[in-house]
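What's in protein_34.tsv: TSV, C-alpha atoms
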```tsv
chain	number	residue	atom	x	y	z
Y	104	MET	CA	38.09	115.19	68.48
Y	105	GLU	CA	35.26	112.94	69.70
Y	106	GLU	CA	37.77	110.29	70.77
Y	107	LEU	CA	39.78	112.94	72.62
Y	108	VAL	CA	36.67	114.15	74.43
Y	109	ARG	CA	35.75	110.61	75.47
Y	110	LYS	CA	39.28	110.00	76.74
Y	111	THR	CA	39.37	113.29	78.65
Y	112	LEU	CA	36.00	112.75	80.31
Y	113	LYS	CA	36.91	109.23	81.35
Y	114	GLU	CA	40.28	110.33	82.78
Y	115	ASN	CA	38.57	113.12	84.73
Y	116	GLY	CA	36.18	110.57	86.21
Y	117	GLN	CA	39.06	108.49	87.53
Y	118	THR	CA	40.38	111.15	89.90
Y	119	LEU	CA	38.95	111.54	93.39
Y	120	ARG	CA	37.53	114.95	94.15
Y	121	PHE	CA	37.92	116.15	97.71
Y	122	LEU	CA	34.87	118.36	98.32
Y	123	GLU	CA	35.09	121.10	100.92
Y	124	ASN	CA	32.42	121.05	103.60
Y	125	LYS	CA	30.56	124.36	103.63
Y	126	GLY	CA	27.67	122.99	105.67
Y	127	GLN	CA	26.23	120.39	103.29
Y	128	VAL	CA	27.69	117.78	105.66
Y	129	LYS	CA	26.14	118.51	109.04
Y	130	ASN	CA	29.15	117.33	111.06
Y	131	PRO	CA	31.20	120.55	111.53
Y	132	ASN	CA	34.38	118.54	112.19
Y	133	VAL	CA	34.44	117.33	108.57
Y	134	LEU	CA	36.84	119.45	106.52
Y	135	TYR	CA	36.75	117.61	103.19
Y	136	TYR	CA	35.16	114.40	101.93
Y	137	PHE	CA	34.52	112.37	98.82
Y	138	ASN	CA	32.02	109.76	97.69
Y	139	GLY	CA	32.70	106.74	95.50
Y	140	LYS	CA	31.08	103.48	94.49
Y	141	GLN	CA	32.66	101.66	97.46
Y	142	GLY	CA	31.64	104.23	100.04
Y	143	SER	CA	32.46	107.64	101.45
Y	144	VAL	CA	35.51	109.06	103.22
Y	145	TYR	CA	35.31	112.02	105.61
Y	146	ILE	CA	38.52	113.86	106.52
Y	147	GLU	CA	38.67	115.61	109.87
Y	148	LYS	CA	41.58	117.38	111.56
Y	149	ASN	CA	43.12	114.29	113.15
Y	150	LYS	CA	40.99	111.40	111.96
Y	151	ILE	CA	39.58	109.86	108.80
Y	152	ARG	CA	36.16	108.23	108.83
Y	153	PHE	CA	35.28	105.55	106.27
Y	154	ILE	CA	31.70	104.52	105.49
Y	155	ALA	CA	31.58	101.35	103.41
Y	156	GLN	CA	28.42	100.70	101.42
Y	157	GLU	CA	26.98	97.42	100.20
Y	158	TYR	CA	24.59	97.62	97.25
Y	159	VAL	CA	22.46	95.01	95.52
Y	160	LYS	CA	21.20	95.39	91.96
Y	161	MET	CA	17.47	95.15	91.34
Y	162	GLU	CA	16.13	95.21	87.79
Y	163	ASP	CA	12.75	96.79	87.10
Y	164	GLU	CA	10.58	93.75	86.28
Y	165	SER	CA	7.83	95.94	84.82
Y	166	PHE	CA	10.13	97.15	82.03
Y	167	LYS	CA	9.23	96.20	78.46
Y	168	PHE	CA	11.90	96.28	75.76
Y	169	ASP	CA	11.33	98.96	73.11
Y	170	SER	CA	12.72	97.78	69.76
Y	171	LEU	CA	12.41	101.26	68.28
Y	172	THR	CA	14.62	103.04	70.78
Y	173	ASN	CA	16.73	100.03	71.82
Y	174	ALA	CA	16.16	101.16	75.38
Y	175	LEU	CA	17.69	99.06	78.13
Y	176	PRO	CA	15.98	97.95	81.33
Y	177	GLU	CA	16.55	100.24	84.28
Y	178	VAL	CA	18.80	98.74	86.95
Y	179	ASN	CA	18.55	100.23	90.42
Y	180	ASN	CA	21.35	99.90	92.94
Y	181	VAL	CA	19.66	99.50	96.30
Y	182	LEU	CA	21.63	100.20	99.46
Y	183	LYS	CA	21.66	97.05	101.60
Y	184	SER	CA	23.93	97.94	104.51
Y	185	LEU	CA	26.63	100.27	105.85
Y	186	HIS	CA	29.74	99.73	107.93
Y	187	THR	CA	31.69	102.62	109.45
Y	188	PHE	CA	35.25	102.51	110.74
Y	189	THR	CA	37.59	105.28	111.82
Y	190	LEU	CA	41.34	105.82	111.53
Y	191	GLU	CA	42.43	108.23	114.26
Y	192	MET	CA	45.91	109.73	114.46
Y	193	ASP	CA	46.58	109.03	118.12
Y	194	GLY	CA	48.49	111.82	119.89
Y	195	ALA	CA	48.37	114.01	116.78
Y	196	ASN	CA	48.16	117.78	116.58
Y	197	PRO	CA	44.45	118.67	117.03
Y	198	LEU	CA	44.85	121.79	114.86
Y	199	PRO	CA	47.08	120.92	111.89
Y	200	ASN	CA	47.39	123.38	109.03
Y	201	LEU	CA	45.34	122.29	106.01
Y	202	LYS	CA	47.07	122.94	102.68
Y	203	LEU	CA	45.20	122.40	99.42
Y	204	GLY	CA	46.79	121.30	96.17
Y	205	ASP	CA	45.37	122.00	92.72
Y	206	SER	CA	41.62	122.50	92.48
Y	207	PHE	CA	39.12	121.47	89.83
Y	208	GLY	CA	37.41	124.28	87.91
Y	209	THR	CA	33.96	122.83	88.61
Y	210	ARG	CA	31.90	124.20	91.50
Y	211	TYR	CA	29.26	122.06	93.22
Y	212	ASN	CA	25.85	123.17	94.45
Y	213	PHE	CA	23.72	121.30	97.00
Y	214	PHE	CA	19.95	121.79	97.16
Y	215	GLN	CA	19.06	119.36	99.93
Y	216	ASP	CA	15.53	120.53	100.68
Y	217	LEU	CA	13.04	123.23	99.69
Y	218	ASN	CA	14.39	125.82	102.12
Y	219	PRO	CA	16.84	128.18	100.32
Y	220	LYS	CA	18.54	128.91	103.66
Y	221	ASN	CA	19.85	125.34	103.65
Y	222	TRP	CA	21.21	125.49	100.11
Y	223	VAL	CA	24.99	125.42	99.68
Y	224	SER	CA	26.64	126.70	96.52
Y	225	GLY	CA	30.10	127.29	95.10
Y	226	VAL	CA	31.70	124.27	96.79
Y	227	HIS	CA	35.31	123.77	95.68
Y	228	ALA	CA	36.87	120.39	94.91
Y	229	ALA	CA	40.58	119.75	95.47
Y	230	LYS	CA	42.75	117.19	93.71
Y	231	ASP	CA	44.85	116.66	96.82
Y	232	LEU	CA	45.24	118.04	100.32
Y	233	THR	CA	47.88	117.95	103.05
Y	234	LEU	CA	47.53	118.05	106.83
Y	235	GLU	CA	50.76	119.82	107.77
Y	236	GLU	CA	52.48	119.18	111.12
Y	237	ILE	CA	49.97	116.48	112.03
Y	238	TYR	CA	52.90	115.25	114.14
Y	239	PRO	CA	56.07	117.32	114.76
Y	240	GLY	CA	57.95	117.45	111.46
Y	241	ILE	CA	55.40	115.20	109.73
Y	242	GLY	CA	52.68	115.94	107.19
Y	243	LEU	CA	49.99	113.72	105.64
Y	244	ARG	CA	49.15	114.22	101.96
Y	245	LEU	CA	45.99	112.62	100.52
Y	246	TYR	CA	45.35	112.14	96.81
Y	247	SER	CA	44.28	109.45	94.36
Y	248	THR	CA	45.83	107.25	91.73
Y	249	LYS	CA	44.41	107.22	88.19
Y	250	ASP	CA	42.42	104.07	88.98
Y	251	GLY	CA	40.68	105.78	91.90
Y	252	ALA	CA	42.64	104.28	94.82
Y	253	LEU	CA	43.33	106.55	97.79
Y	254	GLU	CA	46.99	107.37	98.48
Y	255	PHE	CA	48.43	108.44	101.84
Y	256	ASP	CA	51.85	110.13	101.73
Y	257	TRP	CA	53.40	110.46	105.17
Y	258	ILE	CA	56.13	113.06	104.63
Y	259	MET	CA	58.86	113.33	107.28
Y	260	LYS	CA	61.19	116.31	107.37
Y	261	PRO	CA	64.89	115.51	107.94
Y	262	GLY	CA	65.32	114.10	111.43
Y	263	ALA	CA	61.59	113.66	112.14
Y	264	ASP	CA	60.71	110.41	113.89
Y	265	TYR	CA	58.25	108.25	111.93
Y	266	GLU	CA	57.54	106.24	115.11
Y	267	GLN	CA	55.41	109.18	116.31
Y	268	ILE	CA	52.71	108.02	113.88
Y	269	LYS	CA	50.13	105.91	115.70
Y	270	LEU	CA	47.00	104.92	113.79
Y	271	LYS	CA	44.16	103.79	116.04
Y	272	PHE	CA	41.36	101.89	114.27
Y	273	THR	CA	37.85	101.65	115.69
Y	274	GLY	CA	34.59	100.23	114.36
Y	275	GLN	CA	36.00	97.38	112.24
Y	276	ASP	CA	35.25	93.69	112.82
Y	277	ASN	CA	38.93	92.75	112.90
Y	278	LEU	CA	42.41	94.00	112.05
Y	279	LYS	CA	45.16	91.80	110.62
Y	280	ILE	CA	48.71	92.31	109.39
Y	281	ASP	CA	49.37	90.01	106.44
Y	282	LYS	CA	52.53	88.03	105.68
Y	283	ASP	CA	53.52	90.60	103.07
Y	284	GLY	CA	53.38	93.38	105.67
Y	285	GLY	CA	50.08	94.82	104.43
Y	286	LEU	CA	47.14	95.63	106.66
Y	287	THR	CA	43.64	94.18	106.23
Y	288	VAL	CA	40.65	95.83	107.88
Y	289	GLY	CA	37.81	93.32	108.13
Y	290	LEU	CA	34.30	94.71	107.70
Y	291	ARG	CA	30.89	93.10	107.85
Y	292	PHE	CA	30.61	92.49	104.10
Y	293	SER	CA	34.07	93.22	102.66
Y	294	ASP	CA	37.73	93.75	103.48
Y	295	VAL	CA	39.72	96.94	103.12
Y	296	LYS	CA	43.40	96.51	102.31
Y	297	PHE	CA	46.21	98.97	103.05
Y	298	ASN	CA	49.51	98.30	101.26
Y	299	ILE	CA	52.87	100.09	101.33
Y	300	PRO	CA	54.04	99.82	97.71
Y	301	GLU	CA	56.76	102.42	98.14
Y	302	SER	CA	58.74	104.17	100.87
Y	303	TYR	CA	61.95	106.10	100.33
Y	304	GLN	CA	64.30	108.85	101.41
Y	305	VAL	CA	64.90	111.76	99.05
Y	306	THR	CA	68.61	112.46	98.54
Y	307	GLU	CA	70.76	114.41	96.09
Y	308	ASP	CA	71.02	111.23	94.04
Y	309	GLY	CA	67.25	110.65	93.93
Y	310	LYS	CA	65.04	108.16	95.75
Y	311	VAL	CA	66.63	105.65	98.10
Y	312	PRO	CA	64.11	102.81	98.71
Y	313	VAL	CA	63.23	101.92	102.31
Y	314	LYS	CA	61.27	98.75	103.07
Y	315	MET	CA	58.42	99.61	105.46
Y	316	THR	CA	55.75	97.37	106.97
Y	317	PHE	CA	52.83	97.86	109.32
Y	318	LYS	CA	53.20	96.84	112.96
Y	319	GLU	CA	50.52	96.44	115.62
Y	320	THR	CA	51.89	97.87	118.88
Y	321	GLU	CA	48.77	97.51	121.01
Y	322	ASP	CA	45.13	96.62	120.54
Y	323	ASN	CA	43.93	98.10	117.21
Y	324	THR	CA	46.83	100.60	117.06
Y	325	ILE	CA	49.13	100.43	114.02
Y	326	THR	CA	52.57	101.96	113.47
Y	327	PHE	CA	55.24	101.64	110.79
Y	328	HIS	CA	58.36	99.50	111.08
Y	329	THR	CA	61.62	99.14	109.17
Y	330	LYS	CA	64.90	97.31	109.71
Y	331	ALA	CA	66.69	99.75	107.41
Y	332	LYS	CA	69.12	102.33	108.77
Y	333	LEU	CA	67.73	105.77	107.98
Y	334	ASP	CA	69.81	108.86	107.26
Y	335	ALA	CA	68.50	111.72	109.43
Y	336	ARG	CA	69.85	114.27	106.93
Y	337	TYR	CA	67.15	113.46	104.39
Y	338	PRO	CA	63.33	113.50	104.22
Y	339	LEU	CA	61.46	110.20	104.46
Y	340	VAL	CA	58.24	109.38	102.59
Y	341	ILE	CA	56.00	106.45	103.56
Y	342	ASP	CA	53.38	105.87	100.89
Y	343	PRO	CA	50.51	103.54	101.89
Y	344	THR	CA	47.68	102.90	99.42
Y	345	LEU	CA	44.09	102.04	100.30
Y	346	ASN	CA	42.88	99.27	97.97
Y	347	TRP	CA	39.12	99.09	98.35
Y	348	GLY	CA	38.27	97.87	94.87
Y	349	THR	CA	38.53	101.38	93.53
Y	350	PHE	CA	36.49	104.32	94.67
Y	351	MET	CA	35.46	105.29	91.15
Y	352	ASP	CA	33.32	103.45	88.60
Y	353	ASP	CA	34.99	100.61	86.77
Y	354	ASP	CA	36.45	101.05	83.29
Y	355	SER	CA	33.83	98.89	81.63
Y	356	GLY	CA	33.27	101.00	78.54
Y	357	THR	CA	29.69	101.74	79.59
Y	358	PHE	CA	30.28	105.46	79.17
Y	359	ASP	CA	31.21	105.02	75.51
Y	360	GLU	CA	28.18	102.81	74.85
Y	361	TYR	CA	25.77	105.46	76.13
Y	362	LEU	CA	27.48	108.59	74.80
Y	363	TYR	CA	25.16	109.19	71.87
Y	364	ALA	CA	26.32	112.53	70.50
Y	365	ILE	CA	29.00	115.20	70.83
Y	366	GLN	CA	28.55	118.70	69.42
Y	367	ILE	CA	31.24	121.40	69.47
Y	368	ASP	CA	30.25	125.07	69.40
Y	369	THR	CA	33.18	126.55	67.48
Y	370	LEU	CA	32.14	130.13	68.34
Y	371	ASP	CA	32.02	129.72	72.12
Y	372	GLY	CA	34.39	126.77	72.44
Y	373	VAL	CA	31.77	124.78	74.36
Y	374	ILE	CA	31.48	120.99	74.02
Y	375	TYR	CA	28.00	119.48	74.49
Y	376	CYS	CA	27.69	115.77	75.31
Y	377	ALA	CA	24.40	113.84	75.18
Y	378	GLY	CA	23.88	110.37	76.55
Y	379	ALA	CA	22.21	108.21	79.16
Y	380	THR	CA	23.17	106.38	82.31
Y	381	ASN	CA	21.46	104.29	84.96
Y	382	LYS	CA	23.67	105.70	87.73
Y	383	ASN	CA	22.81	108.43	90.20
Y	384	ILE	CA	24.45	111.70	89.15
Y	385	THR	CA	25.31	114.82	91.12
Y	386	VAL	CA	24.57	117.95	89.09
Y	387	ASN	CA	27.63	120.21	88.81
Y	388	VAL	CA	27.59	123.85	87.82
Y	389	ASN	CA	30.68	125.53	86.36
Y	390	PRO	CA	30.34	129.32	86.70
Y	391	ASN	CA	32.94	129.83	83.98
```

Step by step, read the file and then write its structure as structure tokens.
Amino acid sequence: MEELVRKTLKENGQTLRFLENKGQVKNPNVLYYFNGKQGSVYIEKNKIRFIAQEYVKMEDESFKFDSLTNALPEVNNVLKSLHTFTLEMDGANPLPNLKLGDSFGTRYNFFQDLNPKNWVSGVHAAKDLTLEEIYPGIGLRLYSTKDGALEFDWIMKPGADYEQIKLKFTGQDNLKIDKDGGLTVGLRFSDVKFNIPESYQVTEDGKVPVKMTFKETEDNTITFHTKAKLDARYPLVIDPTLNWGTFMDDDSGTFDEYLYAIQIDTLDGVIYCAGATNKNITVNVNPN
């Protein structure tokens, strides 16, 4: 059972959680957002804002090793710099319908200062969300892979024109389309890579692969391009992936090393986990 609990907790930590904005983010245009070790992503009605974060590790030099408790020195991740860039859907519907997928059972509470009027509670977290009709006949679904990468599914209804999609980038240092057709967004201290691992039409016989690449049509504006002949009778899915390291913590085994005890209350069915971490943690409250 302990091994199952460890596995379940680790798998849960490898899925991005899109948090609804109920006022804890002061920008009212932000609908949903998530935070990860590489930075934060804010989803608005027709744009996505990325805030990349650069951290440096500083070990507490005053720490003295305690042989009785086997305590480890505290390592603080200190924020060194930020870089913000924005992906705007040029010419898109300013009021797309937001459709949520499955939600997590956990609710989040934010106590940002001492004034109860500013507290926000009961914030939902979605596993995926879709901006419907962001362009005529086109929706954008956002979700994550198991390793924490952000997936973009552009879903075209039969006959919809994928060339409507125009992605205007602002704030980056440079923008480059690679030889493999991927897109690299150059930032001050790192690069962000968009790939298109899979695109296809959905037919009665299953998926029909379609090779798609990025194409720069004008300054800092990106579209999709294919030489394939598409069948207007069937939906088309273009599936870019954002590879930014990963957004979640790495699978280093640190969680297992610091999970000291697991106790199961057989009467209430509650599992209690005790451990330690040197990472910043958001406190979650599950009302159930």

For Ala155 of chain Y, which residue among Y:Ile258, Y:Ile280, Y:Val133, Y:Val295 is the nearest when counting all atoms listed in the file?
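Checking each of Y:Ile258, Y:Ile280, Y:Val133, Y:Val295 against Ala155 of chain Y, counting all atoms listed in the file, the winner is Y:Val295.
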
Counting only C-alpha atoms, which residues of segment 223-268 of chain Y sit at most 12 Å from some atom of segment 312-324 of chain Y, and what is each one's closest atom pair with its distance in Å to one decimal, listed by chain and rising residue number, as a Markdown table?
```
| residue | atom | partner | partner_atom | distance |
| --- | --- | --- | --- | --- |
| Y:Trp257 | CA | Y:Met315 | CA | 12.0 |
| Y:Tyr265 | CA | Y:Met315 | CA | 10.8 |
| Y:Glu266 | CA | Y:Lys318 | CA | 10.6 |
| Y:Ile268 | CA | Y:Thr324 | CA | 10.0 |
```

Residues within 7 Å of (72.5, 109.4, 99.3), counting only C-alpha atoms, listed as a PyMOL selection string:
chain Y and resi 306-308

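Using only C-alpha atoms, the smallest distance between any of Y:Val159, Y:Met192, Y:Leu201, Y:Ala229 and Glu123 of chain Y comes from Y:Ala229.
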
Of the candidates Y:Ala195, Y:Ala252, Y:Val305, Y:Leu245, which shows the shortest atom-to-atom distance to Leu232 of chain Y, using only C-alpha atoms?
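Comparing Y:Ala195, Y:Ala252, Y:Val305, Y:Leu245 against Leu232 of chain Y, the winner is Y:Leu245.
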
Residue nearest Met259 of chain Y among Y:Leu119, Y:Ile154, Y:Ile341, Y:Ile299 (counting only C-alpha atoms):
Y:Ile341

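Of the listed residues Y:Leu182, Y:Val288, Y:Leu243, Y:Leu339, the one whose atoms come nearest to Gln275 of chain Y is Y:Val288, with distances taken using only C-alpha atoms.
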
To one decimal place in Å, what is the distance between atom CA of Phe327 of chain Y and atom CA of Leu290 of chain Y?
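Interatomic distance here is 22.3 Å.
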
How big is the axis-aligned box around the listed atoms of segment 244-249 of chain Y once 4 Å is added on each side, and where is its centre? Give both in Å to one decimal, as JSON.
```
{"center_x": 46.7, "center_y": 110.7, "center_z": 95.1, "size_x": 12.9, "size_y": 15.0, "size_z": 21.8}
```

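When only C-alpha atoms are used to compute distances to Asp294 of chain Y, the closest of the residues Y:Leu122, Y:Val311, Y:Leu217, Y:Leu345 turns out to be Y:Leu345.
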
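Distance-wise, atom CA of Asp216 of chain Y and atom CA of Lys140 of chain Y end up 23.9 Å apart.
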
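The space between atom CA of Lys220 of chain Y and atom CA of Arg152 of chain Y spans 27.7 Å.
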